[in-house]
file data31.cif (mmCIF, C-alpha atoms)
data_query
loop_
_atom_site.label_atom_id
_atom_site.label_comp_id
_atom_site.auth_asym_id
_atom_site.auth_seq_id
_atom_site.Cartn_x
_atom_site.Cartn_y
_atom_site.Cartn_z
CA MET A 1 -8.08 -129.36 120.67
CA ARG A 2 -11.14 -130.78 118.92
CA THR A 3 -8.97 -132.72 116.49
CA ILE A 4 -7.05 -134.23 119.42
CA LEU A 5 -10.26 -135.39 121.08
CA ARG A 6 -11.68 -136.74 117.81
CA THR A 7 -8.45 -138.57 117.03
CA LEU A 8 -8.37 -139.99 120.56
CA LEU A 9 -11.98 -141.16 120.24
CA ALA A 10 -11.37 -142.72 116.80
CA SER A 11 -8.18 -144.41 118.05
CA VAL A 12 -9.94 -145.85 121.09
CA ILE A 13 -12.68 -147.26 118.83
CA VAL A 14 -10.07 -148.76 116.45
CA LEU A 15 -8.17 -150.24 119.40
CA ALA A 16 -11.32 -151.72 120.97
CA ALA A 17 -12.47 -153.24 117.67
CA GLY A 18 -8.97 -154.63 117.08
CA VAL A 19 -8.70 -156.19 120.54
CA ALA A 20 -12.21 -157.67 120.19
CA THR A 21 -11.36 -159.22 116.78
CA LEU A 22 -8.06 -160.62 118.08
CA ALA A 23 -9.77 -162.01 121.19
CA ALA A 24 -12.52 -163.68 119.14
CA THR A 25 -10.07 -165.24 116.68
CA THR A 26 -7.57 -166.44 119.29
CA HIS A 27 -10.24 -167.80 121.69
CA GLY A 28 -9.46 -165.12 124.25
CA PHE A 29 -5.71 -164.89 123.50
CA ARG A 30 -5.22 -168.59 124.24
CA ALA A 31 -4.55 -169.85 120.69
CA TYR A 32 -2.00 -168.41 118.26
CA THR A 33 -1.76 -171.51 116.07
CA SER A 34 -4.60 -173.40 114.38
CA GLU A 35 -3.52 -176.57 116.21
CA THR A 36 -4.14 -175.01 119.64
CA ALA A 37 -7.38 -173.48 118.34
CA ARG A 38 -8.73 -176.84 117.12
CA ARG A 39 -8.04 -178.41 120.53
CA ILE A 40 -9.81 -175.62 122.41
CA GLU A 41 -12.78 -175.74 120.01
CA VAL A 42 -13.16 -179.51 120.41
CA ARG A 43 -12.89 -179.33 124.22
CA GLU A 44 -15.46 -176.56 124.50
CA HIS A 45 -17.81 -177.71 121.75
CA PRO A 46 -17.59 -181.50 121.22
CA ARG A 47 -18.24 -182.42 117.59
CA ALA A 48 -20.51 -185.20 116.35
CA LEU A 49 -18.75 -187.67 114.05
CA PRO A 50 -20.03 -188.03 110.49
CA ALA A 51 -21.73 -191.34 109.63
CA VAL A 52 -19.15 -192.38 107.04
CA GLN A 53 -18.26 -195.79 105.73
CA LEU A 54 -14.82 -197.27 106.35
CA GLU A 55 -13.07 -200.30 104.91
CA THR A 56 -11.00 -202.15 107.50
CA ALA A 57 -7.71 -204.02 107.20
CA ARG A 58 -9.77 -207.21 107.02
CA GLY A 59 -11.66 -205.86 104.04
CA GLU A 60 -14.91 -205.43 105.99
CA LEU A 61 -17.13 -202.38 105.55
CA ILE A 62 -18.17 -200.66 108.77
CA ASN A 63 -19.98 -197.41 109.47
CA LEU A 64 -18.40 -195.06 111.96
CA GLU A 65 -21.81 -194.71 113.57
CA ALA A 66 -21.87 -198.43 114.35
CA LEU A 67 -18.97 -197.87 116.76
CA ARG A 68 -21.12 -195.66 118.97
CA GLY A 69 -21.43 -196.84 122.56
CA GLN A 70 -17.67 -197.33 122.89
CA TRP A 71 -14.93 -194.83 123.61
CA LEU A 72 -12.62 -194.45 120.63
CA LEU A 73 -8.98 -193.41 120.53
CA VAL A 74 -8.55 -192.21 116.95
CA ASP A 75 -5.36 -191.37 115.09
CA PHE A 76 -4.82 -190.51 111.44
CA ILE A 77 -2.09 -192.33 109.55
CA TYR A 78 -0.66 -193.15 106.15
CA THR A 79 1.11 -196.47 105.99
CA ARG A 80 4.02 -195.33 103.80
CA CYS A 81 5.14 -193.06 106.65
CA MET A 82 8.53 -194.16 107.91
CA THR A 83 9.30 -191.48 110.50
CA TYR A 84 7.44 -191.02 113.77
CA CYS A 85 4.45 -192.99 112.52
CA SER A 86 6.24 -196.17 113.53
CA VAL A 87 6.36 -194.84 117.09
CA GLN A 88 2.69 -193.88 116.77
CA GLY A 89 1.88 -197.47 115.78
CA SER A 90 3.84 -199.15 118.55
CA GLN A 91 2.24 -196.76 121.08
CA TYR A 92 -1.15 -198.02 119.99
CA ALA A 93 -0.01 -201.61 120.43
CA GLN A 94 1.07 -200.74 123.99
CA LEU A 95 -2.29 -199.08 124.61
CA GLN A 96 -3.90 -202.32 123.46
CA ASP A 97 -2.00 -204.13 126.22
CA ARG A 98 -2.67 -201.63 128.95
CA MET A 99 -6.36 -201.26 128.12
CA ALA A 100 -6.99 -204.94 127.31
CA PRO A 101 -9.71 -205.42 129.98
CA LEU A 102 -11.62 -202.35 128.72
CA ILE A 103 -11.22 -203.50 125.13
CA GLU A 104 -12.46 -206.97 126.02
CA ALA A 105 -15.47 -205.46 127.81
CA GLY A 106 -16.33 -203.55 124.63
CA THR A 107 -15.86 -200.16 126.32
CA VAL A 108 -12.84 -198.94 124.37
CA ARG A 109 -11.65 -199.28 120.77
CA LEU A 110 -8.53 -198.03 119.02
CA LEU A 111 -9.09 -196.70 115.50
CA SER A 112 -6.42 -195.70 112.98
CA ILE A 113 -7.85 -193.97 109.92
CA SER A 114 -5.79 -193.57 106.76
CA PHE A 115 -5.90 -190.19 105.02
CA ASP A 116 -4.19 -191.77 102.01
CA PRO A 117 -6.93 -194.22 100.92
CA ALA A 118 -5.66 -194.42 97.33
CA TYR A 119 -2.56 -196.26 98.53
CA ASP A 120 -3.76 -197.74 101.82
CA ALA A 121 -5.72 -200.75 100.61
CA PRO A 122 -6.69 -203.38 103.23
CA GLU A 123 -3.41 -205.29 102.62
CA GLU A 124 -1.36 -202.19 103.39
CA LEU A 125 -3.41 -201.49 106.50
CA ALA A 126 -2.98 -205.10 107.65
CA ALA A 127 0.77 -204.83 107.10
CA TYR A 128 0.79 -201.60 109.15
CA LEU A 129 -0.95 -203.37 112.05
CA ARG A 130 1.48 -206.30 111.87
CA ARG A 131 4.51 -203.99 111.73
CA SER A 132 3.27 -202.05 114.72
CA GLY A 133 2.83 -205.19 116.83
CA ASP A 134 -0.98 -205.44 116.83
CA ARG A 135 -2.09 -207.72 119.69
CA GLY A 136 -5.06 -208.91 117.66
CA ALA A 137 -8.08 -207.40 119.39
CA GLY A 138 -9.69 -203.98 119.64
CA TRP A 139 -7.58 -202.07 117.12
CA ILE A 140 -9.16 -201.22 113.79
CA ALA A 141 -7.15 -199.77 110.92
CA ALA A 142 -9.39 -198.51 108.15
CA ARG A 143 -9.67 -196.22 105.13
CA PRO A 144 -12.62 -194.08 104.04
CA THR A 145 -14.32 -195.54 100.95
CA ASP A 146 -14.94 -192.30 99.03
CA PRO A 147 -13.36 -188.83 98.80
CA GLU A 148 -16.35 -187.08 100.42
CA SER A 149 -16.08 -189.29 103.50
CA LEU A 150 -12.38 -188.51 103.75
CA GLN A 151 -13.05 -184.77 103.51
CA ALA A 152 -15.82 -185.00 106.13
CA LEU A 153 -13.48 -186.85 108.51
CA LEU A 154 -10.58 -184.43 108.00
CA ARG A 155 -12.92 -181.49 108.58
CA VAL A 156 -14.50 -182.80 111.80
CA PHE A 157 -11.19 -183.98 113.27
CA GLY A 158 -9.37 -180.86 112.03
CA VAL A 159 -6.65 -182.90 110.32
CA THR A 160 -4.38 -181.17 107.81
CA ALA A 161 -2.02 -183.29 105.70
CA ILE A 162 0.32 -181.62 103.22
CA PRO A 163 2.84 -183.24 100.85
CA ASP A 164 6.35 -183.05 102.32
CA GLY A 165 8.00 -182.83 98.89
CA ILE A 166 9.73 -186.21 99.19
CA GLY A 167 6.76 -188.48 98.55
CA GLY A 168 5.23 -188.43 102.01
CA TYR A 169 3.07 -186.13 104.10
CA VAL A 170 3.42 -183.81 107.04
CA HIS A 171 0.30 -183.92 109.17
CA ASN A 172 -0.81 -182.67 112.56
CA ALA A 173 -0.67 -186.10 114.16
CA ALA A 174 -2.63 -186.46 117.38
CA ILE A 175 -4.72 -188.84 119.45
CA ALA A 176 -8.39 -187.85 119.26
CA VAL A 177 -10.79 -189.10 121.92
CA VAL A 178 -14.40 -189.87 120.93
CA ASP A 179 -16.88 -190.53 123.74
CA ALA A 180 -19.56 -193.22 123.87
CA ASP A 181 -22.09 -190.80 122.36
CA GLY A 182 -19.99 -190.54 119.20
CA ARG A 183 -18.67 -187.05 119.91
CA LEU A 184 -15.09 -185.89 119.49
CA VAL A 185 -14.32 -184.51 122.96
CA HIS A 186 -10.54 -184.11 123.30
CA ILE A 187 -7.34 -184.02 121.26
CA PHE A 188 -3.99 -185.04 122.73
CA ASP A 189 -0.45 -184.78 121.39
CA TRP A 190 0.42 -187.74 119.18
CA ASP A 191 2.95 -188.97 121.78
CA ALA A 192 0.70 -188.46 124.80
CA ALA A 193 -0.90 -191.92 124.82
CA ALA A 194 -0.65 -192.13 128.63
CA GLU A 195 -2.60 -188.88 129.08
CA ALA A 196 -5.25 -190.00 126.59
CA GLU A 197 -5.56 -193.31 128.44
CA ARG A 198 -5.93 -191.58 131.82
CA TYR A 199 -8.55 -189.19 130.38
CA VAL A 200 -10.68 -192.09 129.12
CA ARG A 201 -10.27 -194.14 132.32
CA ASP A 202 -11.31 -191.20 134.50
CA ARG A 203 -14.48 -190.71 132.49
CA ILE A 204 -15.43 -194.36 132.28
CA ARG A 205 -15.18 -194.70 136.05
CA SER A 206 -17.39 -191.71 136.80
CA MET B 1 4.34 -169.45 102.80
CA ALA B 2 6.99 -166.92 101.74
CA ALA B 3 4.82 -166.03 98.74
CA HIS B 4 1.77 -165.67 100.97
CA MET B 5 3.33 -163.49 103.68
CA LEU B 6 6.01 -161.59 101.81
CA VAL B 7 4.58 -161.21 98.31
CA GLN B 8 0.79 -161.46 98.42
CA LEU B 9 0.18 -159.47 101.61
CA PRO B 10 2.52 -156.57 100.65
CA LEU B 11 1.00 -156.48 97.14
CA LEU B 12 -2.50 -156.32 98.62
CA ALA B 13 -1.41 -153.46 100.86
CA TRP B 14 0.13 -151.70 97.86
CA CYS B 15 -3.19 -152.07 95.99
CA GLY B 16 -4.90 -150.30 98.88
CA TRP B 17 -2.30 -147.52 98.84
CA TRP B 18 -2.87 -147.07 95.13
CA LEU B 19 -6.67 -147.09 95.52
CA ALA B 20 -6.41 -144.42 98.21
CA GLN B 21 -4.89 -142.03 95.65
CA ALA B 22 -8.33 -141.97 94.00
CA ILE B 23 -10.09 -140.78 97.17
CA PRO B 24 -11.50 -137.28 96.46
CA PRO B 25 -9.81 -134.48 98.48
CA ARG B 26 -13.22 -133.61 99.98
CA VAL B 27 -13.37 -137.04 101.70
CA SER B 28 -9.80 -137.01 102.95
CA ARG B 29 -10.34 -133.47 104.32
CA ALA B 30 -13.42 -134.72 106.18
CA LEU B 31 -11.44 -137.61 107.65
CA ALA B 32 -8.45 -135.49 108.67
CA PRO B 33 -9.75 -134.22 112.04
CA TRP B 34 -10.24 -137.82 113.16
CA ASN B 35 -6.73 -138.74 112.08
CA ARG B 36 -4.44 -136.10 113.60
CA SER B 37 -0.79 -136.81 112.79
CA GLY B 38 -2.06 -139.97 111.08
CA ILE B 39 -2.31 -141.69 114.46
CA THR B 40 -5.71 -143.39 113.98
CA GLY B 41 -4.82 -144.70 110.52
CA LEU B 42 -1.42 -146.00 111.53
CA LEU B 43 -2.90 -147.65 114.62
CA LEU B 44 -5.51 -149.35 112.42
CA ALA B 45 -2.79 -150.54 110.02
CA SER B 46 -0.63 -151.85 112.92
CA ILE B 47 -3.45 -153.86 114.49
CA THR B 48 -4.51 -155.30 111.13
CA GLY B 49 -0.88 -156.17 110.38
CA LEU B 50 -0.55 -157.83 113.78
CA PHE B 51 -3.64 -159.91 113.06
CA TRP B 52 -2.32 -161.22 109.73
CA MET B 53 0.98 -162.16 111.36
CA LEU B 54 -0.74 -164.76 113.55
CA PRO B 55 0.02 -168.29 112.29
CA LEU B 56 -3.63 -169.04 113.06
CA ALA B 57 -4.83 -166.30 110.67
CA LEU B 58 -2.63 -167.60 107.82
CA ASP B 59 -4.04 -171.12 108.26
CA ARG B 60 -7.62 -169.87 108.44
CA ALA B 61 -7.15 -167.83 105.25
CA ILE B 62 -6.13 -171.01 103.44
CA GLU B 63 -8.91 -173.15 104.90
CA SER B 64 -11.91 -170.80 104.87
CA PRO B 65 -13.08 -168.75 101.85
CA TRP B 66 -14.72 -166.19 104.18
CA PHE B 67 -11.48 -165.64 106.00
CA GLU B 68 -9.71 -165.34 102.67
CA LEU B 69 -12.25 -162.72 101.58
CA GLY B 70 -11.66 -160.86 104.84
CA LYS B 71 -7.95 -160.85 104.06
CA PHE B 72 -8.46 -159.52 100.52
CA LEU B 73 -10.59 -156.67 101.91
CA SER B 74 -8.80 -155.84 105.16
CA VAL B 75 -5.20 -155.76 103.95
CA PRO B 76 -5.77 -153.24 101.10
CA LEU B 77 -8.29 -151.06 102.98
CA LEU B 78 -7.18 -151.22 106.60
CA ILE B 79 -3.44 -151.34 105.92
CA GLY B 80 -2.67 -149.91 102.45
CA ALA B 81 -5.30 -147.19 102.24
CA ALA B 82 -5.02 -146.33 105.95
CA VAL B 83 -1.26 -145.79 105.63
CA ALA B 84 -1.75 -143.77 102.44
CA LEU B 85 -4.17 -141.42 104.24
CA SER B 86 -1.96 -141.16 107.32
CA TRP B 87 1.73 -141.19 106.40
CA SER B 88 1.79 -137.68 104.92
CA ARG B 89 0.12 -136.35 108.09
CA ALA B 90 2.54 -138.10 110.41
CA GLY B 91 5.41 -136.09 111.82
CA PHE B 92 8.94 -137.11 112.72
CA VAL B 93 8.03 -138.76 116.04
CA VAL B 94 5.09 -140.80 114.74
CA ARG B 95 6.97 -141.93 111.63
CA GLY B 96 9.99 -142.84 113.72
CA LEU B 97 7.87 -144.84 116.14
CA VAL B 98 6.10 -146.75 113.35
CA LEU B 99 9.35 -147.51 111.49
CA ALA B 100 11.19 -148.60 114.65
CA GLU B 101 8.29 -150.86 115.59
CA THR B 102 8.10 -152.31 112.06
CA ILE B 103 11.80 -153.15 112.15
CA ALA B 104 11.55 -154.63 115.65
CA MET B 105 8.50 -156.70 114.67
CA ALA B 106 10.22 -158.07 111.54
CA PHE B 107 13.16 -159.14 113.73
CA ARG B 108 10.97 -160.63 116.46
CA ILE B 109 8.71 -162.63 114.13
CA GLY B 110 11.64 -163.57 111.90
CA TRP B 111 13.62 -164.91 114.83
CA LEU B 112 10.56 -166.75 116.17
CA TYR B 113 9.96 -168.46 112.81
CA LEU B 114 13.63 -169.33 112.49
CA ALA B 115 13.93 -170.74 116.02
CA ALA B 116 10.59 -172.58 116.36
CA GLU B 117 11.15 -176.33 116.28
CA THR B 118 7.72 -177.22 114.98
CA ALA B 119 5.70 -175.82 112.11
CA LEU B 120 3.38 -173.13 113.50
CA CYS B 121 1.07 -173.29 110.48
CA ALA B 122 -0.64 -176.60 109.76
CA ASN B 123 -0.58 -175.81 106.03
CA TYR B 124 3.12 -175.05 105.68
CA LEU B 125 6.28 -177.07 106.17
CA LEU B 126 8.92 -176.26 108.76
CA GLY B 127 11.45 -175.50 106.03
CA GLU B 128 9.21 -172.83 104.50
CA GLN B 129 8.69 -171.29 107.91
CA GLN B 130 12.44 -171.03 108.43
CA LEU B 131 12.83 -169.44 105.00
CA VAL B 132 10.21 -166.83 105.93
CA GLY B 133 12.12 -166.26 109.17
CA LYS B 134 15.33 -165.51 107.26
CA LEU B 135 13.54 -163.27 104.77
CA LEU B 136 11.88 -161.33 107.60
CA LEU B 137 15.26 -160.78 109.26
CA ALA B 138 16.60 -159.56 105.90
CA ALA B 139 13.59 -157.26 105.40
CA GLY B 140 14.04 -155.80 108.90
CA ALA B 141 17.74 -155.23 108.21
CA LEU B 142 16.98 -153.55 104.87
CA ILE B 143 14.49 -151.10 106.39
CA LEU B 144 16.97 -150.40 109.19
CA LEU B 145 19.78 -149.71 106.70
CA GLY B 146 17.50 -147.49 104.61
CA LEU B 147 16.48 -145.54 107.69
CA ALA B 148 20.07 -145.19 108.92
CA TRP B 149 21.15 -144.03 105.47
CA LYS B 150 18.45 -141.36 105.45
CA LEU B 151 19.24 -140.20 108.99
CA VAL B 152 22.98 -139.95 108.36
CA LEU B 153 23.19 -138.78 104.77
CA GLY B 154 19.78 -137.52 103.76
CA HIS B 155 17.59 -134.63 104.65
CA VAL B 156 15.26 -135.33 107.56
CA ASP B 157 12.55 -132.93 108.59
CA VAL B 158 12.45 -133.23 112.39
CA ARG B 159 9.60 -130.76 112.89
CA ASP B 160 6.44 -132.44 114.14
CA SER B 161 3.35 -131.52 112.18
#

call {"tool": "encode", "arguments": {"input": "data31.cif", "output": "structure tokens"}}
result
Amino acid sequence: MRTILRTLLASVIVLAAGVATLAATTHGFRAYTSETARRIEVREHPRALPAVQLETARGELINLEALRGQWLLVDFIYTRCMTYCSVQGSQYAQLQDRMAPLIEAGTVRLLSISFDPAYDAPEELAAYLRRSGDRGAGWIAARPTDPESLQALLRVFGVTAIPDGIGGYVHNAAIAVVDADGRLVHIFDWDAAAEAERYVRDRIRS
Amino acid sequence: MAAHMLVQLPLLAWCGWWLAQAIPPRVSRALAPWNRSGITGLLLASITGLFWMLPLALDRAIESPWFELGKFLSVPLLIGAAVALSWSRAGFVVRGLVLAETIAMAFRIGWLYLAAETALCANYLLGEQQLVGKLLLAAGALILLGLAWKLVLGHVDVRDS
């Protein structure tokens, strides 16, 4: 009898500890993949962007911090990508059209950051913008200028890019929203430009 | 991914099993009343196994050294050693339950990995995930065949301890 009670007690403790660990890791059983987890973490605890230097498609050096005061729609790219990245690019061009008044007012900027800076020199970035149908204003394509900056960006945005074995990368493409205080506040699916646009519009109005 | 889930994790568990053989009899006798029929130990191993089957946990183990350390400690101790201390105490019913659940879990997770249209781990490609799915289905089938073989042709002690 005593061994039954002891075993029951020990099992209940093991079960409680197990459920608590699972709940803590999965954000209360809401996230089973790291992609869902990163979105929940960003929504609940907005992250400050690192003050890193970027080189734009025009060859200019800008600091990410200098973009503070505007809402940013950020995506991560590599220009050699020939699959859905072309859709990603043309979506951004359409966003440029739809959000033109906000872009002109200096409230919103689109930012595409390359995670393949060794290849994506300014010329490549400029070609990417042209290919995607860049309307000419409010869309910056840029690469980090040193490996530490790249690592800092990937860490804060939670971007993972792995070689796909045929010369390219597989990465968790998404549209990240940065508010006017320079904080990453939301992450949308890479093909959910309309939702990202609505999210920003709702918050600018209020 | 296949190496991570189906080679490294089982090897770590095996290390724990092997380490548990060095536990002095005095200690295992002291633990026994808290582990009747091996239930506590097998429960601990099941929950730990469940945890390391989460795609999120696999990604975290690759990205964070602390998580990786947690894996290298928890899989040998909480799975391997726990099973080593519990399996011999478990009777027919408990063993049957654990084996049936292991087979079912291999099939469920295997099918999920095979059928998912996107990569569930950020650090692994879809193709690797599908390979793991197939291997898990094969592993489940192998355990099932082994069990069926034993039930039909071998000697099975159906008394519960």

call {"tool": "interface_residues", "arguments": {"input": "data31.cif", "of": "chain A", "to": "chain B", "cutoff": "10 Å", "atoms": "only C-alpha atoms", "output": "number ranges by chain"}}
result
A: 2-15, 17-19, 21-22, 25-26, 31-37, 155, 158-165, 169-172

call {"tool": "residues_near_point", "arguments": {"input": "data31.cif", "point": "(-1.8, -153.2, 103.0)", "cutoff": "12 Å", "atoms": "only C-alpha atoms", "output": "PyMOL selection string"}}
result
chain B and resi 5-20+41-42+44-50+52+71-84

call {"tool": "atom_distance", "arguments": {"input": "data31.cif", "atom1": "CA of Gly167 (chain A)", "atom2": "CA of Thr145 (chain A)"}}
result
22.4 Å

call {"tool": "resolve_selection", "arguments": {"input": "data31.cif", "expression": "the PyMOL selection byres ((chain A and resi 149) around 12)", "output": "list in words"}}
result
Leu49, Pro50, Ala51, Val52, Gln53, Leu54, Glu55, Asn63, Leu64, Ile113, Ser114, Phe115, Pro117, Arg143, Pro144, Thr145, Asp146, Pro147, Glu148, Leu150, Gln151, Ala152, Leu153, Leu154, Arg155 and Val156 of chain A

call {"tool": "atom_distance", "arguments": {"input": "data31.cif", "atom1": "CA of His155 (chain B)", "atom2": "CA of Gln21 (chain B)"}}
result
25.3 Å

call {"tool": "closest_residue", "arguments": {"input": "data31.cif", "among": "A:Pro122, A:Arg98, A:Ser86, A:Val108", "to": "Leu61 (chain A)", "atoms": "all atoms listed in the file"}}
result
A:Pro122

call {"tool": "atom_distance", "arguments": {"input": "data31.cif", "atom1": "CA of Ala23 (chain A)", "atom2": "CA of Ala100 (chain B)"}}
result
25.7 Å

call {"tool": "residues_around", "arguments": {"input": "data31.cif", "residues": "region 132-139 of chain B", "least_positions_apart": "5", "cutoff": "10 Å", "atoms": "only C-alpha atoms", "output": "ChimeraX atom specification"}}
result
/B:1-6,102-116,126-127,144-145

call {"tool": "residues_around", "arguments": {"input": "data31.cif", "residues": "Leu184 (chain A)", "least_positions_apart": "3", "cutoff": "8 Å", "atoms": "all atoms listed in the file", "output": "mmCIF file with C-alpha atoms, in the frame of the given file"}}
result
data_model
loop_
_atom_site.group_PDB
_atom_site.id
_atom_site.type_symbol
_atom_site.label_atom_id
_atom_site.label_comp_id
_atom_site.auth_asym_id
_atom_site.auth_seq_id
_atom_site.Cartn_x
_atom_site.Cartn_y
_atom_site.Cartn_z
ATOM 1 C CA VAL A 42 -13.160 -179.510 120.410
ATOM 2 C CA PRO A 46 -17.590 -181.500 121.220
ATOM 3 C CA ARG A 47 -18.240 -182.420 117.590
ATOM 4 C CA ALA A 48 -20.510 -185.200 116.350
ATOM 5 C CA LEU A 49 -18.750 -187.670 114.050
ATOM 6 C CA PHE A 157 -11.190 -183.980 113.270
ATOM 7 C CA ALA A 176 -8.390 -187.850 119.260
ATOM 8 C CA VAL A 177 -10.790 -189.100 121.920
ATOM 9 C CA VAL A 178 -14.400 -189.870 120.930
ATOM 10 C CA ASP A 179 -16.880 -190.530 123.740
#
